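A quick write-up on the structure given underneath.
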Amino acid sequence: MAHTLSRKIAVFGAGYIGLVTGACLAELGHDVVVRDIQPERISLLQSGQIPIYEPGLGDLIIKNKERLTFTLNADEAVARAEIVYVCVDTPPTSAGDADLSRVWSVLHSLEGAAHLAAVVVKSTVPVGTGARARALLDDLGLHGVGYASNPEFTAEGRAVSDFLSPDRVVIGASDAETASLVEELHRGVDGEVVVMDIPSAEMAKMASNALLATKISFINEIASICEATGADVGNVARAVGLDHRLGPHFLQAGIGWGGSCFPKDSEALKQLASNTGYHPQLLSAVIEVNNLQKRRAISKVKDLLGTLEGATVALLGLTFKPGTDDMREATSAVLAARLLAEGAAVRCWDPLARPEAVEPWASTTRCESVLEAMTGADAAILVTDWPQLREVPWEEARGLMRRPVLYDGRNLLDPAAMRDLGFRYLSVGRP
Ligand code: UDX
């Protein structure tokens, strides 16, 4: 991709966001070094291997290897850089706020780096972090280094295209010079650039994720009402989504949202509001609906089986969504824990989840195929809408089960067809 001015950029954090940011900035023509504190991660990357699954990322890293290096050494990364990108994770603290310790540690490591033009934070941070970061940079004597917030809006599984062809690039900066520097880094990106103040940029990220989570919890609540009234949530969502003011996206009813962003960010926004004394009623309900949605699946299966004690339940799909190996806040973990607590045995299948994913779930059997997972099961729960699950020989699968109970947590299958095959089939919000 052609670029007019190549900049030297140090990206801190070689996780999902840091690697995608580093590889995409290199693709845009910049000279990038990615720094991480995990030696295994850096040596993998240095040997040309990718520690995470993200479509297109490996190819991009290989294609741009002339302009993309990896290091453990923060000083070395900063010494050559004009711009530092902060892409470290901000996990929840035990109070549910975002833990910013990794962000502060990166900023501290910049002491003496007065040659930098700007520090840009991409990590998801609470509103107000920019002001604290500015004060810290000033304390470190970096008065002349600009600061910007440039939140990411990338979804896993399509992170590379979300970076290179985004709906928008949001840049929050306190001065015009830093804003145009960050804007210029994105030359070649196919998407609208919106420049604003730092707190608004920080809030834009949190508000986007909260509204997306709200849409899903909303349609899940409608699904529960559909179940009680005989309506079909698929038809309802289609009709609702055709209203251009509402849009068709994120109206897929299911077993609840998970992942590295929605659970953490909605909780962080809730705590941020609570810390100011405001009770975020709508957001609290959005989170509550999502928690209940997972438990409802278990109670419905329990109702059909009579008891879960001694039953065997197959979980089909473990990752929080298809197309990723990411197990963070996956619905499957809640289901497995609930099933085990009720005395059920759990068998599971997933094409990408890493073996360590099921380690915390005592006595869970990981199976190589859907049919193996369903063998001898009293019920199966379709948890992740992997496309492979459309291709399962369901009649054969039913024959392998002890009792033919199937809970389709993603409304992936056709209810009439599954009932014709002899399943006691339940899905979300469909009669
Ligand atoms: C999300 C946002 O989309 C992204 O913009 C942000 O930067 C990070 O969080 P991601 O977590 O990768 O991205 O996944 P996404 O595809 O948004 O799905 C999140 C969860 O919602 C998944 O568990 C998915 O199964 C669920 N979901 C999504 C639904 O249940 N229904 C829907 O209609 C859409």
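By convention here, the chains of the structure tokens are called A, B, ... in the order presented, each chain's residues are numbered starting at 1, and ligands are numbered starting at 1 in the order presented.
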Closest atom pairs, residues of chain A within 8 Å of ligand 1, only C-alpha atoms and all ligand atoms, as a Markdown table:
```
| residue | atom | partner | partner_atom_place_in_ligand_line | distance |
| --- | --- | --- | --- | --- |
| A:Glu152 | CA | ligand 1 | 7 (O) | 5.6 |
| A:Phe153 | CA | ligand 1 | 7 (O) | 3.5 |
| A:Thr154 | CA | ligand 1 | 7 (O) | 4.1 |
| A:Ala155 | CA | ligand 1 | 12 (O) | 3.4 |
| A:Glu156 | CA | ligand 1 | 12 (O) | 3.6 |
| A:Gly157 | CA | ligand 1 | 12 (O) | 6.8 |
| A:Ala159 | CA | ligand 1 | 12 (O) | 7.9 |
| A:Lys205 | CA | ligand 1 | 7 (O) | 7.7 |
| A:Ser208 | CA | ligand 1 | 5 (O) | 7.3 |
| A:Asn209 | CA | ligand 1 | 2 (C) | 6.0 |
| A:Leu212 | CA | ligand 1 | 3 (O) | 7.2 |
| A:Ala213 | CA | ligand 1 | 21 (O) | 7.0 |
| A:Lys215 | CA | ligand 1 | 33 (O) | 7.5 |
| A:Ile216 | CA | ligand 1 | 31 (N) | 5.2 |
| A:His249 | CA | ligand 1 | 33 (O) | 6.2 |
| A:Phe250 | CA | ligand 1 | 33 (O) | 3.1 |
| A:Leu251 | CA | ligand 1 | 33 (O) | 4.2 |
| A:Gln252 | CA | ligand 1 | 33 (O) | 3.5 |
| A:Ala253 | CA | ligand 1 | 31 (N) | 5.6 |
| A:Gly254 | CA | ligand 1 | 30 (O) | 5.1 |
| A:Ile255 | CA | ligand 1 | 30 (O) | 6.5 |
| A:Gly256 | CA | ligand 1 | 30 (O) | 5.1 |
| A:Trp257 | CA | ligand 1 | 23 (O) | 3.7 |
| A:Gly258 | CA | ligand 1 | 23 (O) | 4.0 |
| A:Gly259 | CA | ligand 1 | 11 (O) | 4.7 |
| A:Ser260 | CA | ligand 1 | 11 (O) | 5.5 |
| A:Cys261 | CA | ligand 1 | 9 (O) | 4.4 |
| A:Phe262 | CA | ligand 1 | 9 (O) | 5.4 |
| A:Phe320 | CA | ligand 1 | 23 (O) | 4.7 |
| A:Lys321 | CA | ligand 1 | 25 (O) | 4.6 |
| A:Pro322 | CA | ligand 1 | 25 (O) | 7.6 |
| A:Ala330 | CA | ligand 1 | 23 (O) | 7.0 |
| A:Thr331 | CA | ligand 1 | 23 (O) | 7.4 |
| A:Thr384 | CA | ligand 1 | 25 (O) | 7.0 |
| A:Asp385 | CA | ligand 1 | 25 (O) | 7.6 |
| A:Arg410 | CA | ligand 1 | 30 (O) | 7.6 |
```
Could you give me, as a PyMOL selection string, the residues within 7 Å of Gly172 in chain A, counting only C-alpha atoms and dropping anything in the same chain fewer than 6 positions from it?
-> chain A and resi 148-150+195-198+201
Filtering to all heavy atoms, could you give me those residues as an mmCIF file, in the first residue's frame?
```cif
data_model
loop_
_atom_site.group_PDB
_atom_site.id
_atom_site.type_symbol
_atom_site.label_atom_id
_atom_site.label_comp_id
_atom_site.auth_asym_id
_atom_site.auth_seq_id
_atom_site.Cartn_x
_atom_site.Cartn_y
_atom_site.Cartn_z
ATOM 1 N N ALA A 148 -2.371 11.162 22.421
ATOM 2 C CA ALA A 148 -3.640 10.947 21.700
ATOM 3 C C ALA A 148 -4.287 9.646 22.133
ATOM 4 O O ALA A 148 -3.616 8.703 22.562
ATOM 5 C CB ALA A 148 -3.395 10.926 20.196
ATOM 6 N N SER A 149 -5.604 9.633 22.038
ATOM 7 C CA SER A 149 -6.381 8.406 22.227
ATOM 8 C C SER A 149 -6.863 7.984 20.836
ATOM 9 O O SER A 149 -7.408 8.789 20.099
ATOM 10 C CB SER A 149 -7.569 8.709 23.143
ATOM 11 O OG SER A 149 -8.578 7.736 22.962
ATOM 12 N N ASN A 150 -6.618 6.736 20.502
ATOM 13 C CA ASN A 150 -7.014 6.230 19.165
ATOM 14 C C ASN A 150 -7.610 4.833 19.365
ATOM 15 O O ASN A 150 -6.992 3.834 19.075
ATOM 16 C CB ASN A 150 -5.757 6.214 18.263
ATOM 17 C CG ASN A 150 -5.979 5.575 16.909
ATOM 18 O OD1 ASN A 150 -5.077 4.937 16.359
ATOM 19 N ND2 ASN A 150 -7.149 5.739 16.348
ATOM 20 N N VAL A 195 -11.890 13.503 14.405
ATOM 21 C CA VAL A 195 -10.984 14.051 15.417
ATOM 22 C C VAL A 195 -11.812 14.744 16.492
ATOM 23 O O VAL A 195 -12.780 15.437 16.189
ATOM 24 C CB VAL A 195 -9.984 15.034 14.769
ATOM 25 C CG1 VAL A 195 -9.125 15.717 15.826
ATOM 26 C CG2 VAL A 195 -9.104 14.297 13.763
ATOM 27 N N MET A 196 -11.443 14.512 17.740
ATOM 28 C CA MET A 196 -12.203 15.109 18.849
ATOM 29 C C MET A 196 -11.308 15.262 20.066
ATOM 30 O O MET A 196 -10.110 14.958 20.004
ATOM 31 C CB MET A 196 -13.420 14.231 19.166
ATOM 32 C CG MET A 196 -13.070 12.816 19.556
ATOM 33 S SD MET A 196 -14.521 11.750 19.678
ATOM 34 C CE MET A 196 -14.983 11.601 17.971
ATOM 35 N N ASP A 197 -11.897 15.691 21.178
ATOM 36 C CA ASP A 197 -11.142 15.798 22.421
ATOM 37 C C ASP A 197 -10.898 14.390 22.991
ATOM 38 O O ASP A 197 -11.573 13.431 22.602
ATOM 39 C CB ASP A 197 -11.907 16.665 23.432
ATOM 40 C CG ASP A 197 -13.253 16.059 23.743
ATOM 41 O OD1 ASP A 197 -14.168 16.162 22.886
ATOM 42 O OD2 ASP A 197 -13.399 15.427 24.792
ATOM 43 N N ILE A 198 -9.937 14.291 23.896
ATOM 44 C CA ILE A 198 -9.531 12.959 24.388
ATOM 45 C C ILE A 198 -10.655 12.244 25.167
ATOM 46 O O ILE A 198 -10.935 11.075 24.890
ATOM 47 C CB ILE A 198 -8.231 13.086 25.220
ATOM 48 C CG1 ILE A 198 -7.092 13.542 24.301
ATOM 49 C CG2 ILE A 198 -7.867 11.760 25.894
ATOM 50 C CD1 ILE A 198 -5.852 13.993 25.027
ATOM 51 N N ALA A 201 -13.173 10.714 22.827
ATOM 52 C CA ALA A 201 -12.668 9.547 22.085
ATOM 53 C C ALA A 201 -12.693 8.319 22.993
ATOM 54 O O ALA A 201 -13.093 7.222 22.580
ATOM 55 C CB ALA A 201 -11.249 9.814 21.588
#
```
Find the residue from A:Pro92, A:Pro351, A:Gly230, A:Gly58 that sits nearest to Pro431 in chain A; use only C-alpha atoms when measuring.
-> A:Gly230
Figure out the distance between CA of Asn291 in chain A and CA of Ala223 in chain A, please, to one decimal in Å.
->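 Pair CA of Ala223 in chain A / CA of Asn291 in chain A returns 14.8 Å.
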Between CA of Gly15 in chain A and CA of Arg41 in chain A, what is the spacing in Å?
->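 Going from CA of Arg41 in chain A over to CA of Gly15 in chain A, I get 9.1 Å.
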As a short mmCIF file (atom, residue, chain, number, x, y, z; two decimals) with C-alpha atoms, in the first residue's frame, please: every residue in range 215-392 of chain A that a backbone DSSP assignment puts in strand (DSSP E).
```cif
data_model
loop_
_atom_site.label_atom_id
_atom_site.label_comp_id
_atom_site.auth_asym_id
_atom_site.auth_seq_id
_atom_site.Cartn_x
_atom_site.Cartn_y
_atom_site.Cartn_z
CA THR A 312 -24.09 -36.34 30.21
CA VAL A 313 -24.25 -33.07 28.28
CA ALA A 314 -22.33 -32.26 25.10
CA LEU A 315 -21.19 -28.69 24.50
CA LEU A 316 -20.84 -28.01 20.76
CA ALA A 345 -20.72 -34.96 33.02
CA VAL A 346 -19.58 -32.69 30.19
CA ARG A 347 -18.28 -33.72 26.78
CA CYS A 348 -17.21 -30.99 24.41
CA TRP A 349 -16.08 -30.26 20.87
CA THR A 364 -14.70 -32.66 31.08
CA THR A 365 -13.99 -34.80 28.02
CA ARG A 366 -12.68 -33.01 24.96
CA ALA A 379 -28.47 -33.52 25.82
CA ALA A 380 -26.37 -31.38 23.52
CA ILE A 381 -26.08 -27.61 23.66
CA LEU A 382 -24.97 -25.76 20.52
#
```
